[in-house]
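File shown: work-v5.cif (mmCIF, C-alpha atoms).
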```cif
data_protein
#
loop_
_atom_site.label_atom_id
_atom_site.label_comp_id
_atom_site.auth_asym_id
_atom_site.auth_seq_id
_atom_site.Cartn_x
_atom_site.Cartn_y
_atom_site.Cartn_z
CA MET N 1 -6.20 -11.51 14.25
CA ASP N 2 -5.05 -12.74 10.83
CA SER N 3 -7.38 -15.69 11.32
CA SER N 4 -10.35 -13.70 12.66
CA PHE N 5 -10.11 -10.58 10.45
CA GLN N 6 -12.91 -11.79 8.17
CA GLN N 7 -15.29 -12.29 11.08
CA GLU N 8 -14.24 -9.28 13.18
CA VAL N 9 -13.99 -6.68 10.41
CA ILE N 10 -15.41 -7.78 7.06
CA GLU N 11 -18.57 -9.36 8.50
CA SER N 12 -19.18 -6.65 11.12
CA ASN N 13 -22.67 -5.15 11.09
CA LYS N 14 -21.31 -1.69 11.94
CA PRO N 15 -18.38 0.39 10.66
CA VAL N 16 -14.96 -0.76 11.86
CA LEU N 17 -11.90 1.37 12.58
CA VAL N 18 -8.80 -0.80 12.17
CA ASP N 19 -5.58 0.46 13.76
CA PHE N 20 -2.49 -1.14 12.21
CA TRP N 21 0.34 -0.61 14.71
CA ALA N 22 3.46 -2.13 16.29
CA PRO N 23 4.90 -1.88 19.81
CA TRP N 24 8.18 -0.34 18.58
CA CYS N 25 6.42 2.45 16.65
CA GLY N 26 6.65 5.86 18.40
CA PRO N 27 3.79 7.52 16.47
CA CYS N 28 1.65 4.44 17.19
CA ARG N 29 2.17 4.97 20.91
CA MET N 30 1.34 8.67 20.48
CA ILE N 31 -2.00 7.97 18.80
CA ALA N 32 -3.01 5.04 21.04
CA PRO N 33 -4.81 7.24 23.62
CA VAL N 34 -6.72 8.93 20.77
CA ILE N 35 -7.82 5.52 19.46
CA ASP N 36 -8.94 4.56 22.98
CA GLU N 37 -10.95 7.80 23.32
CA ILE N 38 -12.59 7.18 19.94
CA ALA N 39 -13.44 3.62 21.01
CA ASP N 40 -15.05 4.93 24.22
CA GLU N 41 -16.98 7.78 22.59
CA TYR N 42 -18.12 5.92 19.46
CA GLY N 43 -18.52 2.50 21.07
CA GLN N 44 -22.21 2.25 20.21
CA SER N 45 -21.67 3.22 16.58
CA ILE N 46 -18.40 1.63 15.53
CA LYS N 47 -16.11 -1.24 16.35
CA VAL N 48 -12.39 -0.55 16.95
CA VAL N 49 -9.88 -3.29 16.14
CA LYS N 50 -6.14 -3.01 16.75
CA ILE N 51 -3.82 -5.14 14.63
CA ASN N 52 -0.18 -5.56 15.62
CA THR N 53 1.55 -5.77 12.23
CA ASP N 54 4.43 -7.79 13.70
CA ASP N 55 2.04 -10.50 14.91
CA ASN N 56 -0.31 -10.36 11.90
CA PRO N 57 1.82 -9.96 8.77
CA SER N 58 -0.72 -11.57 6.42
CA THR N 59 -3.42 -8.98 7.06
CA ALA N 60 -0.91 -6.10 6.94
CA THR N 61 0.42 -7.37 3.60
CA GLU N 62 -3.05 -7.95 2.17
CA TYR N 63 -3.99 -4.31 2.81
CA GLY N 64 -0.65 -2.91 1.63
CA ILE N 65 0.44 -1.45 4.94
CA ARG N 66 3.71 0.35 4.23
CA SER N 67 3.89 2.70 7.20
CA ILE N 68 2.31 2.71 10.62
CA PRO N 69 0.20 3.83 12.22
CA THR N 70 -2.30 3.26 9.45
CA LEU N 71 -5.98 3.56 10.33
CA MET N 72 -8.52 2.04 7.96
CA ILE N 73 -12.26 2.39 8.05
CA PHE N 74 -14.34 -0.52 6.82
CA ASN N 75 -18.04 -0.20 6.14
CA ASP N 76 -20.23 -3.06 4.92
CA GLY N 77 -17.11 -5.21 4.54
CA LYS N 78 -15.28 -2.78 2.27
CA ARG N 79 -12.36 -0.46 3.00
CA VAL N 80 -13.80 3.03 2.58
CA ASP N 81 -11.04 5.26 3.93
CA THR N 82 -7.46 5.28 5.16
CA VAL N 83 -5.66 7.68 7.50
CA ILE N 84 -1.88 7.37 7.76
CA GLY N 85 0.14 8.74 10.64
CA ALA N 86 -0.51 10.04 14.13
CA VAL N 87 -3.34 12.45 13.35
CA PRO N 88 -5.20 14.68 15.81
CA LYS N 89 -8.42 13.31 17.29
CA SER N 90 -10.44 15.94 15.42
CA THR N 91 -9.12 14.68 12.06
CA LEU N 92 -9.96 11.09 12.89
CA ALA N 93 -13.38 12.01 14.27
CA SER N 94 -14.34 14.00 11.16
CA THR N 95 -13.23 11.13 8.93
CA LEU N 96 -15.31 8.66 10.94
CA ASN N 97 -18.34 10.95 10.98
CA LYS N 98 -18.50 10.90 7.17
CA TYR N 99 -19.39 7.21 7.35
CA LEU N 100 -21.49 7.29 10.49
CA ASN N 101 -23.77 9.93 9.01
CA LYS N 102 -24.41 7.70 5.99
CA LYS N 103 -25.65 4.98 8.29
CA ASN N 104 -27.63 7.41 10.45
CA TYR N 105 -25.74 6.37 13.55
CA LYS N 106 -25.90 8.68 16.50
CA GLN N 107 -22.68 9.41 18.34
#
```
Show me the file's structure as structure tokens.
Amino acid sequence: MDSSFQQEVIESNKPVLVDFWAPWCGPCRMIAPVIDEIADEYGQSIKVVKINTDDNPSTATEYGIRSIPTLMIFNDGKRVDTVIGAVPKSTLASTLNKYLNKKNYKQ
């Protein structure tokens, strides 16, 4: 993913939710089903990318990831929001909707 981040996230033509996680992270495992539900429900409107910080240290360092899970939203190639920690689905959905509404995407 370090090598394809530019293409997968920065050059995406729709908003991207990036999940920075690691296999040993308990809260990451707790939020994983929520991320999967978001990916299913918002699949037409957003792209969801998961980045294992152990396998992709360059990208994690570039974006200053200090704790995981960290969820970042990119829109038009720019980081527009960050959510840190295992948050409820409603919190993540309301954060995403702020950016989807700007683009007039339908859920």
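Residues lying within 10 Å of (-7.5, 3.0, 6.6). Counted over only C-alpha atoms, they are Val16, Leu17, Val18, Asp19, Phe20, Tyr63, Ile65, Pro69, Thr70, Leu71, Met72, Ile73, Phe74, Arg79, Val80, Asp81, Thr82, Val83 and Ile84 of chain N.
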Original post:
List as a list in words: which residues have an atom within 8 Å of (-18.3, -8.5, 1.5), counting only C-alpha atoms?
Top reply: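 Answer for this query, in the requested form: Ile10, Glu11, Asp76, Gly77 and Lys78 of chain N.
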Subject >> Who sits within 10 Å of range 24-37 of chain N, only C-alpha atoms, same chain under 5 positions skipped, as a PyMOL selection string >> reply: chain N and resi 17-19+42-43+48-50+54+67-71+85-90+92-93
Subject >> Atomic distance CA of Ile46 in chain N - CA of Pro15 in chain N, expressed in Å with one decimal >> reply: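 We find that CA of Ile46 in chain N and CA of Pro15 in chain N lie 5.0 Å from each other.
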**OP:** Identify all residues satisfying the PyMOL selection byres ((chain N and resi 57) around 12) in the given file; provide them as a PyMOL selection string.
**Re:** chain N and resi 1-3+20-22+51-56+58-66
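Taking CA of Ser4 in chain N and CA of Ser94 in chain N as the two end points, the separation is 28.0 Å.
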Subject >> For CA of Gln44 in chain N and CA of Pro23 in chain N, the interatomic separation in Å (one decimal) >> reply: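 So the answer is 27.4 Å.
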